[in-house]
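Below is the file data.txt, which contains compact mmCIF, C-alpha atoms and all ligand atoms.
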```
# COMPACT_ATOMS: atom_id res chain seq x y z
CA MET A 35 206.53 -36.46 -126.91
CA THR A 36 204.66 -33.29 -127.78
CA HIS A 37 204.79 -32.00 -131.31
CA LEU A 38 206.95 -28.96 -132.00
CA SER A 39 206.55 -26.84 -135.10
CA ASP A 40 209.70 -26.32 -137.17
CA GLU A 41 209.77 -22.66 -136.30
CA HIS A 42 209.82 -23.51 -132.64
CA GLN A 43 212.59 -26.00 -133.09
CA VAL A 44 214.88 -23.29 -134.42
CA THR A 45 214.43 -20.98 -131.47
CA SER A 46 214.32 -23.76 -128.96
CA ARG A 47 217.77 -24.99 -129.83
CA ARG A 48 219.21 -22.06 -127.90
CA PHE A 49 217.57 -22.90 -124.64
CA PHE A 50 215.51 -25.95 -124.38
CA LEU A 51 214.20 -28.41 -121.94
CA ALA A 52 215.98 -31.69 -122.17
CA VAL A 53 212.62 -33.13 -121.19
CA LEU A 54 211.05 -32.02 -124.45
CA ALA A 55 214.12 -32.72 -126.51
CA GLY A 56 213.68 -36.37 -125.67
CA GLY A 57 215.88 -36.50 -122.62
CA SER A 58 219.03 -36.75 -124.71
CA SER A 59 221.35 -34.79 -122.48
CA SER A 60 221.71 -35.60 -118.82
CA VAL A 61 218.82 -33.89 -117.15
CA LEU A 62 219.59 -32.06 -113.98
CA LEU A 63 216.03 -31.08 -113.21
CA PRO A 64 215.34 -30.46 -109.55
CA SER A 65 211.70 -30.83 -110.51
CA ASP A 66 209.89 -31.14 -113.81
CA LEU A 67 207.23 -29.01 -115.37
CA SER A 68 203.89 -30.76 -115.08
CA ALA A 69 202.26 -32.35 -118.14
CA GLN A 70 199.75 -29.52 -118.05
CA GLU A 71 202.47 -26.92 -118.11
CA LEU A 72 204.30 -28.63 -120.94
CA ALA A 73 201.09 -28.73 -122.99
CA ASN A 74 200.42 -25.00 -122.57
CA PRO A 75 201.51 -23.29 -125.80
CA ALA A 76 201.79 -19.82 -124.22
CA LEU A 77 204.15 -21.04 -121.51
CA ARG A 78 206.17 -23.05 -124.01
CA ARG A 79 206.59 -20.04 -126.24
CA LEU A 80 207.93 -18.05 -123.29
CA ILE A 81 210.37 -20.81 -122.39
CA GLU A 82 211.56 -21.23 -125.94
CA ASN A 83 212.46 -17.56 -126.10
CA LEU A 84 214.73 -17.69 -123.07
CA HIS A 85 218.44 -17.19 -123.60
CA TYR A 86 220.96 -18.14 -121.01
CA LEU A 87 224.11 -16.22 -121.90
CA THR A 88 223.91 -12.50 -122.59
CA PRO A 89 225.63 -11.30 -125.76
CA ALA A 90 228.37 -8.84 -124.69
CA GLU A 91 226.68 -5.86 -126.34
CA GLN A 92 223.39 -6.56 -124.58
CA PHE A 93 224.76 -6.35 -121.03
CA GLY A 94 223.47 -3.55 -118.86
CA THR A 95 226.30 -1.10 -118.16
CA VAL A 96 227.35 0.78 -115.02
CA GLU A 97 230.23 3.12 -115.79
CA ARG A 98 231.89 6.35 -114.81
CA GLY A 99 234.44 8.56 -116.54
CA ASN A 100 234.44 11.75 -118.52
CA PRO A 101 235.30 10.93 -121.21
CA LEU A 102 234.48 7.25 -120.89
CA PRO A 103 237.87 5.57 -121.27
CA TYR A 104 236.88 3.34 -124.19
CA LYS A 105 235.49 6.33 -126.12
CA LEU A 106 238.87 8.08 -126.35
CA PRO A 107 240.12 8.68 -129.91
CA PRO A 108 242.36 5.81 -131.14
CA ALA A 109 245.67 7.62 -130.50
CA ASP A 110 244.62 8.58 -126.96
CA LEU A 111 243.33 5.09 -126.34
CA LYS A 112 246.77 3.77 -127.12
CA GLU A 113 248.44 6.45 -125.02
CA ALA A 114 246.16 5.45 -122.13
CA GLY A 115 247.20 1.80 -122.49
CA LEU A 116 243.69 0.72 -123.35
CA THR A 117 244.52 -1.34 -126.43
CA LYS A 118 245.93 -4.86 -126.37
CA ASP A 119 249.28 -3.65 -127.71
CA SER A 120 249.61 -0.76 -125.31
CA TRP A 121 248.08 -2.31 -122.15
CA LYS A 122 250.47 -2.38 -119.21
CA LEU A 123 249.58 -3.33 -115.68
CA GLU A 124 251.43 -1.89 -112.73
CA VAL A 125 251.77 -4.13 -109.68
CA VAL A 126 253.21 -2.04 -106.88
CA SER A 127 253.61 -1.69 -103.14
CA ASP A 128 251.42 0.84 -101.31
CA ALA A 129 253.52 3.90 -100.45
CA ASP A 130 251.52 4.48 -97.23
CA TYR A 131 251.35 0.88 -96.00
CA PRO A 132 254.29 -0.78 -97.76
CA ALA A 133 254.23 -4.42 -98.75
CA THR A 134 257.46 -6.39 -98.89
CA MET A 135 257.86 -7.64 -102.46
CA GLY A 136 260.81 -9.04 -104.41
CA LYS A 137 259.86 -7.00 -107.49
CA GLN A 138 257.41 -4.38 -108.59
CA PHE A 139 256.04 -3.89 -112.10
CA LYS A 140 256.16 -0.19 -112.90
CA HIS A 141 255.82 2.21 -115.81
CA ALA A 142 258.73 4.27 -114.46
CA ASP A 143 261.36 1.58 -114.99
CA ASN A 144 259.62 -0.06 -117.95
CA THR A 145 258.74 -3.22 -116.05
CA ALA A 146 254.93 -2.91 -116.18
CA PHE A 147 253.22 -6.19 -117.08
CA SER A 148 252.20 -6.36 -120.76
CA TYR A 149 249.31 -8.03 -122.56
CA ALA A 150 251.83 -10.28 -124.33
CA LYS A 151 253.09 -11.47 -120.94
CA LEU A 152 249.53 -12.06 -119.82
CA MET A 153 249.00 -14.25 -122.89
CA GLU A 154 252.12 -16.23 -121.98
CA LEU A 155 250.64 -16.93 -118.56
CA ALA A 156 247.30 -17.77 -120.21
CA LYS A 157 248.98 -20.53 -122.23
CA LYS A 158 250.01 -22.20 -119.01
CA HIS A 159 246.97 -21.42 -116.94
CA SER A 160 243.80 -19.81 -118.16
CA THR A 161 240.47 -20.09 -116.44
CA ARG A 162 236.90 -19.82 -117.74
CA PHE A 163 233.79 -19.45 -115.63
CA ILE A 164 230.21 -18.28 -115.91
CA LYS A 165 229.27 -15.31 -113.80
CA THR A 166 226.29 -13.01 -113.64
CA MET A 167 227.21 -9.34 -113.32
CA THR A 168 224.88 -7.48 -110.98
CA CYS A 169 225.06 -3.99 -109.50
CA ASN A 170 224.13 -4.15 -105.82
CA ASN A 171 222.12 -0.96 -106.34
CA MET A 172 220.03 -2.26 -109.19
CA GLU A 173 216.92 -4.37 -109.26
CA ALA A 174 218.01 -7.09 -111.69
CA PRO A 175 221.22 -8.60 -113.09
CA LEU A 176 223.10 -6.81 -115.90
CA GLY A 177 224.06 -9.93 -117.82
CA THR A 178 225.51 -13.44 -117.67
CA GLY A 179 228.63 -14.40 -119.57
CA ILE A 180 231.56 -16.76 -119.84
CA TRP A 181 234.57 -14.83 -118.55
CA GLU A 182 238.04 -16.00 -119.48
CA GLY A 183 241.38 -14.92 -118.10
CA VAL A 184 244.37 -15.57 -115.88
CA PRO A 185 244.05 -15.91 -112.10
CA LEU A 186 245.25 -12.68 -110.50
CA ARG A 187 247.43 -14.67 -108.09
CA ASP A 188 249.58 -15.86 -111.01
CA VAL A 189 250.66 -12.28 -111.66
CA ILE A 190 251.04 -11.47 -107.95
CA TRP A 191 253.35 -14.47 -107.46
CA LEU A 192 255.66 -13.04 -110.11
CA THR A 193 256.31 -10.06 -107.82
CA GLU A 194 257.70 -12.43 -105.16
CA PRO A 195 255.51 -11.22 -102.31
CA LYS A 196 257.22 -11.80 -98.96
CA ALA A 197 255.56 -10.07 -96.03
CA ASN A 198 253.35 -7.22 -94.85
CA ILE A 199 250.54 -7.84 -97.30
CA ARG A 200 247.00 -7.93 -96.02
CA ARG A 201 244.99 -6.54 -98.87
CA VAL A 202 245.07 -5.86 -102.57
CA PHE A 203 243.69 -2.66 -104.09
CA TYR A 204 243.07 -2.37 -107.79
CA HIS A 205 241.85 0.40 -110.02
CA GLY A 206 240.82 1.21 -113.54
CA TYR A 207 241.95 3.90 -115.96
CA HIS A 208 240.60 7.25 -114.80
CA ASN A 209 241.81 9.91 -117.26
CA LEU A 210 244.68 10.75 -114.86
CA ASP A 211 242.10 12.49 -112.70
CA PRO A 212 242.04 11.22 -109.10
CA LYS A 213 238.42 12.29 -108.80
CA GLN A 214 237.49 9.82 -111.54
CA MET A 215 239.29 6.89 -109.98
CA PHE A 216 237.28 3.70 -109.54
CA GLN A 217 238.89 1.36 -107.09
CA SER A 218 238.05 -1.83 -105.29
CA SER A 219 239.88 -4.25 -103.01
CA LEU A 220 240.04 -7.76 -101.61
CA PRO A 221 241.86 -9.52 -98.77
CA ILE A 222 245.05 -11.12 -100.11
CA GLY A 223 243.83 -14.54 -98.88
CA ARG A 224 240.84 -14.52 -101.24
CA ILE A 225 243.15 -13.93 -104.19
CA LEU A 226 245.70 -16.58 -103.24
CA GLU A 227 243.15 -19.33 -102.55
CA ASP A 228 239.65 -20.14 -103.77
CA PRO A 229 236.97 -21.28 -101.33
CA PRO A 230 235.01 -24.38 -102.45
CA GLY A 231 232.91 -23.71 -105.53
CA MET A 232 234.43 -20.31 -106.27
CA PRO A 233 236.44 -19.69 -109.42
CA PRO A 234 239.58 -17.59 -108.96
CA VAL A 235 239.68 -13.79 -108.93
CA THR A 236 240.61 -13.32 -112.55
CA LEU A 237 242.28 -10.88 -114.96
CA VAL A 238 239.73 -11.25 -117.74
CA TYR A 239 240.60 -10.73 -121.40
CA LYS A 240 237.68 -12.58 -123.07
CA LEU A 241 233.92 -12.54 -122.68
CA ASN A 242 231.81 -15.22 -124.39
CA GLY A 243 234.84 -16.39 -126.34
CA LYS A 244 235.79 -12.99 -127.81
CA PRO A 245 238.28 -10.37 -126.62
CA ILE A 246 236.46 -8.26 -124.04
CA SER A 247 235.30 -4.96 -125.55
CA GLY A 248 236.12 -1.51 -124.21
CA ARG A 249 232.55 -1.05 -123.07
CA ARG A 250 232.71 -4.26 -121.04
CA GLY A 251 236.03 -3.20 -119.48
CA GLY A 252 238.69 -4.38 -121.94
CA PRO A 253 241.41 -4.87 -122.82
CA VAL A 254 241.66 -6.37 -119.31
CA ARG A 255 239.10 -6.32 -116.54
CA LEU A 256 239.21 -7.82 -113.09
CA VAL A 257 236.32 -10.17 -112.32
CA VAL A 258 235.49 -11.39 -108.83
CA PRO A 259 233.06 -14.31 -109.22
CA GLU A 260 231.14 -14.18 -105.95
CA THR A 261 230.57 -10.47 -105.52
CA TYR A 262 228.56 -7.58 -106.92
CA GLY A 263 229.73 -5.61 -109.95
CA PHE A 264 231.70 -2.90 -108.15
CA LYS A 265 234.44 -5.40 -107.24
CA SER A 266 234.96 -6.18 -110.94
CA VAL A 267 236.95 -3.15 -112.03
CA LYS A 268 237.02 -2.33 -115.74
CA TRP A 269 239.98 -0.94 -117.73
CA LEU A 270 242.32 -2.37 -115.12
CA THR A 271 245.62 -0.48 -114.93
CA ARG A 272 247.10 -0.96 -111.47
CA ILE A 273 247.25 -3.48 -108.63
CA THR A 274 248.54 -2.27 -105.27
CA LEU A 275 249.68 -4.65 -102.55
CA THR A 276 249.11 -3.06 -99.17
CA ASN A 277 249.51 -3.76 -95.49
CA LEU A 278 246.38 -1.74 -94.71
CA HIS A 279 243.88 -4.11 -93.10
CA HIS A 280 240.63 -2.75 -94.41
CA ALA A 281 238.74 -1.98 -97.59
CA ASN A 282 238.87 1.40 -99.26
CA ASP A 283 236.65 0.67 -102.24
CA THR A 284 235.22 3.62 -104.15
CA TYR A 285 231.84 2.03 -103.43
CA HIS A 286 232.22 2.61 -99.68
CA ARG A 287 230.73 5.97 -100.61
CA GLY A 288 227.01 5.81 -101.04
CA ASN A 289 226.66 3.70 -97.91
CA ASN A 290 227.35 0.43 -99.74
CA ASP A 291 228.30 -2.79 -97.96
CA VAL A 292 231.60 -3.44 -99.75
CA ASP A 293 232.01 -6.98 -98.42
CA SER A 294 228.69 -8.47 -99.48
CA TRP A 295 228.36 -11.59 -101.57
CA LEU A 296 225.92 -12.05 -104.38
CA LYS A 297 222.50 -12.79 -102.94
CA THR A 298 219.98 -15.35 -104.08
CA ILE A 299 216.94 -13.55 -105.51
CA ALA A 300 214.14 -14.19 -107.99
CA ARG A 301 212.96 -11.83 -110.72
CA PHE A 302 210.14 -11.95 -113.23
CA GLY A 303 210.87 -12.30 -116.93
CA SER A 304 207.76 -12.54 -119.09
CA VAL A 305 204.32 -12.05 -117.65
CA ASN A 306 201.34 -10.74 -119.62
CA ASP A 307 199.71 -7.68 -118.02
CA GLU A 308 196.30 -8.89 -119.11
CA VAL A 309 194.98 -12.41 -119.13
CA PRO A 310 191.60 -13.52 -120.55
CA LYS A 311 189.10 -14.93 -118.09
CA GLY A 312 189.35 -18.63 -117.41
CA THR A 313 192.88 -19.12 -118.74
CA PRO A 314 195.93 -20.18 -116.76
CA ILE A 315 198.69 -17.58 -116.30
CA PRO A 316 202.07 -18.48 -117.83
CA ILE A 317 205.11 -16.91 -116.16
CA THR A 318 208.85 -17.15 -116.63
CA GLY A 319 211.63 -15.46 -114.71
CA LEU A 320 215.17 -15.77 -113.56
CA ALA A 321 216.77 -16.48 -110.25
CA GLN A 322 220.19 -15.17 -109.34
CA VAL A 323 222.08 -17.89 -107.52
CA GLY A 324 223.98 -16.29 -104.68
CA ILE A 325 226.34 -17.52 -101.99
CA SER A 326 223.61 -19.55 -100.27
CA GLY A 327 222.57 -21.43 -103.41
CA LEU A 328 219.13 -21.95 -104.89
CA LYS A 329 216.77 -24.71 -103.91
CA LYS A 330 213.41 -23.34 -105.00
CA VAL A 331 211.64 -20.48 -106.67
CA GLN A 332 208.15 -19.71 -105.41
CA VAL A 333 205.33 -17.45 -106.56
CA TRP A 334 202.32 -16.10 -104.74
CA ILE A 335 199.27 -14.64 -106.43
CA THR A 336 196.89 -12.53 -104.37
CA PRO A 337 194.16 -9.98 -105.18
CA SER A 338 195.75 -6.51 -105.37
CA SER A 339 193.21 -5.12 -102.92
CA PRO A 340 193.22 -4.98 -100.05
CA ALA A 341 196.92 -4.11 -100.38
CA GLN A 342 199.42 -5.90 -98.18
CA PRO A 343 200.56 -3.88 -95.16
CA LYS A 344 203.05 -1.21 -96.29
CA GLU A 345 205.70 -2.06 -93.73
CA GLU A 346 205.61 -5.70 -94.78
CA THR A 347 208.62 -6.69 -96.87
CA ARG A 348 209.00 -10.37 -96.09
CA PHE A 349 205.58 -11.82 -96.85
CA ILE A 350 206.32 -15.00 -94.93
CA TYR A 351 202.58 -15.63 -94.51
CA GLY A 352 201.94 -15.76 -98.28
CA ASP A 353 200.49 -18.80 -100.02
CA TRP A 354 203.74 -19.47 -101.88
CA GLN A 355 203.61 -22.07 -104.66
CA ASP A 356 206.66 -23.79 -106.08
CA ALA A 357 207.66 -22.85 -109.63
CA THR A 358 209.94 -25.03 -111.75
CA ILE A 359 213.64 -24.26 -111.99
CA LEU A 360 214.54 -24.91 -115.62
CA PRO A 361 217.48 -27.14 -116.50
CA PRO A 362 220.63 -25.88 -118.20
CA PRO A 363 220.39 -24.90 -121.85
CA THR A 364 221.29 -27.69 -124.24
CA ASP A 365 223.10 -25.18 -126.45
CA TRP A 366 225.36 -22.68 -124.71
CA ASP A 367 226.03 -20.61 -127.75
CA ALA A 368 225.82 -16.85 -127.29
CA ASN A 369 226.34 -14.95 -130.51
CA GLY A 370 227.88 -18.03 -132.07
CA THR A 371 230.97 -17.51 -129.96
CA ALA A 372 231.05 -20.07 -127.19
CA GLY A 373 230.32 -23.36 -128.87
CA PRO A 374 229.09 -26.23 -126.72
CA THR A 375 232.30 -28.19 -127.28
CA ASP A 376 234.15 -25.49 -125.35
CA MET A 377 232.07 -26.02 -122.24
CA GLN A 378 234.27 -28.90 -121.06
CA THR A 379 236.83 -26.36 -119.88
CA VAL A 380 234.39 -24.10 -118.04
CA TYR A 381 234.58 -24.09 -114.23
CA GLY A 382 231.99 -26.42 -112.73
CA PHE A 383 231.37 -28.30 -115.99
CA ASP A 384 232.03 -31.97 -116.55
CA LYS A 385 235.29 -32.47 -118.45
CA GLN A 386 233.82 -35.31 -120.53
CA SER A 387 230.23 -34.37 -121.25
CA GLY A 388 230.53 -30.57 -121.22
CA ASN A 389 227.40 -30.40 -119.05
CA PRO A 390 227.29 -28.58 -115.73
CA ALA A 391 228.43 -30.95 -112.97
CA SER A 392 225.55 -29.65 -110.85
CA TRP A 393 222.74 -27.20 -111.43
CA PRO A 394 222.22 -24.37 -110.92
CA ILE A 395 225.74 -22.93 -110.82
CA PRO A 396 226.53 -20.46 -108.03
CA TYR A 397 226.98 -16.78 -109.06
CA THR A 398 225.02 -17.34 -112.26
CA ILE A 399 221.32 -17.48 -113.01
CA ALA A 400 218.73 -20.15 -113.55
CA HIS A 401 215.49 -19.58 -115.41
CA TRP A 402 212.21 -20.66 -113.92
CA ALA A 403 208.68 -21.14 -115.19
CA THR A 404 205.22 -21.78 -113.87
CA LEU A 405 201.60 -21.93 -114.99
CA LEU A 406 199.23 -20.50 -112.42
CA PRO A 407 195.69 -21.95 -112.51
CA PRO A 408 192.88 -19.64 -113.73
CA VAL A 409 191.58 -17.10 -111.18
CA PRO A 410 188.34 -15.05 -111.20
CA PRO A 411 188.35 -11.67 -113.05
CA GLY A 412 190.11 -8.89 -111.19
CA ARG A 413 193.47 -7.27 -110.51
CA TYR A 414 196.15 -9.45 -108.96
CA THR A 415 199.62 -8.98 -107.51
CA ILE A 416 202.07 -11.77 -108.16
CA ARG A 417 205.28 -11.98 -106.14
CA CYS A 418 208.28 -14.26 -106.51
CA ARG A 419 210.98 -15.31 -104.07
CA THR A 420 213.58 -18.03 -103.64
CA ILE A 421 214.43 -20.66 -101.06
CA ASP A 422 218.17 -21.09 -100.64
CA ASN A 423 220.09 -24.27 -99.86
CA ASN A 424 219.79 -23.52 -96.15
CA ASN A 425 215.98 -23.57 -96.52
CA ILE A 426 215.87 -19.85 -95.87
CA ALA A 427 213.53 -17.70 -97.93
CA GLN A 428 215.57 -15.16 -99.86
CA PRO A 429 216.01 -12.32 -100.02
CA LEU A 430 216.05 -12.95 -96.28
CA PRO A 431 217.41 -12.57 -93.64
CA ARG A 432 219.51 -9.80 -95.15
CA PRO A 433 216.89 -7.26 -96.14
CA PHE A 434 219.33 -4.34 -96.29
CA ARG A 435 219.49 -3.25 -99.87
CA LYS A 436 223.05 -1.91 -99.58
CA SER A 437 224.27 -5.52 -99.28
CA GLY A 438 222.61 -6.16 -102.63
CA ASN A 439 219.12 -5.45 -103.85
CA SER A 440 216.80 -7.41 -101.63
CA SER A 441 213.26 -6.62 -102.70
CA ILE A 442 210.74 -9.34 -103.37
CA ALA A 443 209.76 -8.78 -107.01
CA ARG A 444 206.16 -8.00 -107.84
CA VAL A 445 204.02 -7.70 -110.97
CA THR A 446 200.39 -6.80 -111.53
CA VAL A 447 198.14 -8.88 -113.76
CA VAL A 448 194.58 -8.07 -114.74
CA VAL A 449 192.26 -10.99 -115.46
CA GLY A 450 189.56 -9.83 -117.89
CA GLU A 451 185.81 -10.08 -117.48
CA SER A 452 185.55 -12.04 -120.72
N1 LIG B 501 236.76 1.28 -113.98
C1 LIG B 501 235.48 1.07 -113.61
N2 LIG B 501 235.09 -0.20 -113.31
C2 LIG B 501 233.81 -0.44 -112.94
C3 LIG B 501 232.88 0.62 -112.82
C4 LIG B 501 233.31 1.93 -113.15
O1 LIG B 501 232.56 2.88 -113.10
N3 LIG B 501 234.63 2.11 -113.54
N4 LIG B 501 231.59 0.33 -112.38
C5 LIG B 501 231.47 -0.86 -111.56
C6 LIG B 501 230.11 -1.19 -111.20
S1 LIG B 501 229.42 -0.27 -109.95
C7 LIG B 501 229.45 -2.24 -111.75
S2 LIG B 501 227.92 -2.67 -111.20
C8 LIG B 501 230.04 -3.04 -112.83
C9 LIG B 501 229.13 -3.14 -114.03
O2 LIG B 501 229.70 -3.91 -115.04
P1 LIG B 501 229.17 -3.83 -116.54
O3 LIG B 501 229.05 -2.39 -116.93
O4 LIG B 501 230.14 -4.58 -117.40
O5 LIG B 501 227.82 -4.50 -116.58
O6 LIG B 501 231.30 -2.53 -113.26
C10 LIG B 501 232.13 -2.07 -112.19
N5 LIG B 501 233.45 -1.73 -112.68
MO MO B 502 227.43 -1.14 -109.38
```
Please go through the file and, once you have read it, give me the structure as structure tokens.
Ligand SMILES: Nc1nc2c(c(=O)[nH]1)N[C@H]1C(S)=C(S)[C@@H](COP(=O)(O)O)O[C@H]1N2
Ligand SMILES: [Mo]
Amino acid sequence: MTHLSDEHQVTSRRFFLAVLAGGSSSVLLPSDLSAQELANPALRRLIENLHYLTPAEQFGTVERGNPLPYKLPPADLKEAGLTKDSWKLEVVSDADYPATMGKQFKHADNTAFSYAKLMELAKKHSTRFIKTMTCNNMEAPLGTGIWEGVPLRDVIWLTEPKANIRRVFYHGYHNLDPKQMFQSSLPIGRILEDPPGMPPVTLVYKLNGKPISGRRGGPVRLVVPETYGFKSVKWLTRITLTNLHHANDTYHRGNNDVDSWLKTIARFGSVNDEVPKGTPIPITGLAQVGISGLKKVQVWITPSSPAQPKEETRFIYGDWQDATILPPPTDWDANGTAGPTDMQTVYGFDKQSGNPASWPIPYTIAHWATLLPPVPPGRYTIRCRTIDNNNIAQPLPRPFRKSGNSSIARVTVVVGES
């Protein structure tokens, strides 16, 4: 085993290769780093600094609202129902396309569904899953967390749904201004049943083991595991059961594909812009694991000139080299909140060992690393891509960015003359 300095051991506990740690935990490596890669101090430093879960306050944020709901003064926040004590969810039938329900939960007759009631349901049936939040219009994921809540269907069942329900709309607090409304929707079938490998559509009240903050969408946010961020409405206030047969998500504006699943993509993490002559090039990155899974991450290094043809977006002719998909972290702690012992109850984790039952987990990320051999001095373009479980290079064959960002990531590295 290679020697680790004490300093490195501290940082490495957060995210470390079971390989280096002596193979103590069950290793789910699809492929190992080579001996050469393991011996490279620069690459090891990059790997040791990787963190799997994103602390809640370090998530990227995509939000609308003037004022932003969670920035209201305390009294107004309460008035708006955006504190735990004041939160009340309406579950109603659509006035235009009525659903047949035994009951509705409404402010008007004081039957809206309270946080306390949600906690009662949580005692019977709470769910925890890891999901990466990504905006379909942005280049890279916003953050990866453990989301905890109650399946939405549990609340819908309480309304005794009977007939004429094809879809569910849901929206967040919008300052009582229709223009500020943010709404999304799903087919009722997706909410009532979960396809294989998909956690339920969930009313989330905790992120990484702590009550979900206002900025992240609390007190209660909807989270849809397999989709882009716009389906996961923050500051949830109302659920509408409707017999309308199609989506009317706010995100249909802006030409977005409102039915797309999370795509499998690769992104760069740490790459040095300049590399001394004659040294290998250490690279780390992350791959978002979409609906089609993740089999491989590949990189391709090529001199920056002559440039690749402008119209070329697929680069199928590139000399793609396999990188190594890193195994799960041995310590899942984020901010000291989600201790490893809790992982037994996370969706897709083994109930005994607390390790992921398989790796990587769909709708989350996996880190990857590689050490490219030395190249002659000059300017280089390095690209990364993924191969999904269908052996299809991704992002492909869905290159339309409105179904989720689909660019092949690229960085430039200069190899010095000395
Ligand atoms: N109420 C409300 N929910 C919302 C939004 C919003 O503007 N208002 N933005 C959505 C979009 S487009 C994205 S990408 C995600 C981002 O989630 P995050 O800010 O927690 O990272 O939240 C979604 N939920
Ligand atoms: Mo978004």
Using all atoms listed in the file, which of the listed residues (A:Pro234, A:Gly248, A:Pro195, A:Pro75) sits closest to ligand LIG 501 (chain B)?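 Closest to ligand LIG 501 (chain B) of all the choices is A:Gly248.
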For atom CA of Leu256 of chain A and atom CA of Leu237 of chain A, quote the distance in Å rounded to one decimal. 4.7 Å
For the interface of chain A with ligand MO 502 (chain B) (cut-off 6 Å, counting only C-alpha atoms and all ligand atoms), please tabulate each contacting residue of chain A alongside its nearest pair of atoms and their separation in Å to one decimal, rows sorted by chain and increasing number, as JSON lines.
```
{"residue": "A:Val96", "atom": "CA", "partner": "B:MO502", "partner_atom": "MO", "distance": 6.0}
{"residue": "A:Cys169", "atom": "CA", "partner": "B:MO502", "partner_atom": "MO", "distance": 3.7}
{"residue": "A:Asn170", "atom": "CA", "partner": "B:MO502", "partner_atom": "MO", "distance": 5.7}
{"residue": "A:Gly263", "atom": "CA", "partner": "B:MO502", "partner_atom": "MO", "distance": 5.1}
{"residue": "A:Phe264", "atom": "CA", "partner": "B:MO502", "partner_atom": "MO", "distance": 4.8}
```
Show me which residues sit within 9 Å of ligand LIG 501 (chain B) when counting all atoms listed in the file, and put them as a PyMOL selection string. chain A and resi 90+93-99+102-103+167-172+175-177+205-208+214-218+249-251+255-257+262-270+285
Can you tell me, as a JSON list (two decimals) with C-alpha atoms, keeping the file's coordinate frame, what residues are no more than 9 Å from segment 154-164 of chain A when counting all atoms listed in the file, ignoring any on the same chain fewer than 3 positions away?
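Generated file (result-v4.json):
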```
[["chain", "number", "residue", "atom", "x", "y", "z"],
["A", 87, "LEU", "CA", 224.11, -16.22, -121.90],
["A", 149, "TYR", "CA", 249.31, -8.03, -122.56],
["A", 150, "ALA", "CA", 251.83, -10.28, -124.33],
["A", 151, "LYS", "CA", 253.09, -11.47, -120.94],
["A", 178, "THR", "CA", 225.51, -13.44, -117.67],
["A", 179, "GLY", "CA", 228.63, -14.40, -119.57],
["A", 180, "ILE", "CA", 231.56, -16.76, -119.84],
["A", 181, "TRP", "CA", 234.57, -14.83, -118.55],
["A", 182, "GLU", "CA", 238.04, -16.00, -119.48],
["A", 183, "GLY", "CA", 241.38, -14.92, -118.10],
["A", 184, "VAL", "CA", 244.37, -15.57, -115.88],
["A", 185, "PRO", "CA", 244.05, -15.91, -112.10],
["A", 188, "ASP", "CA", 249.58, -15.86, -111.01],
["A", 189, "VAL", "CA", 250.66, -12.28, -111.66],
["A", 233, "PRO", "CA", 236.44, -19.69, -109.42],
["A", 234, "PRO", "CA", 239.58, -17.59, -108.96],
["A", 236, "THR", "CA", 240.61, -13.32, -112.55],
["A", 238, "VAL", "CA", 239.73, -11.25, -117.74],
["A", 259, "PRO", "CA", 233.06, -14.31, -109.22],
["A", 379, "THR", "CA", 236.83, -26.36, -119.88],
["A", 380, "VAL", "CA", 234.39, -24.10, -118.04],
["A", 381, "TYR", "CA", 234.58, -24.09, -114.23],
["A", 382, "GLY", "CA", 231.99, -26.42, -112.73],
["A", 395, "ILE", "CA", 225.74, -22.93, -110.82],
["A", 396, "PRO", "CA", 226.53, -20.46, -108.03],
["A", 397, "TYR", "CA", 226.98, -16.78, -109.06],
["A", 398, "THR", "CA", 225.02, -17.34, -112.26]]
```
Separation of atom CA of Ile442 of chain A from atom CA of Phe349 of chain A, in Å and rounded to one decimal: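 So the two atoms, atom CA of Ile442 of chain A and atom CA of Phe349 of chain A, lie 8.7 Å apart.
Proximity ranking of A:Pro253, A:Gly243, A:Pro230, A:Pro221 relative to Ser148 of chain A places A:Pro253 first, based on all atoms listed in the file.
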Nearest to Tyr86 of chain A, chosen from A:Gly388, A:Pro212, A:Pro411, A:Gly319, with all atoms listed in the file counted in the distances: A:Gly319
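Note that the spacing between atom CA of Tyr414 of chain A and atom CA of Pro361 of chain A amounts to 28.7 Å.
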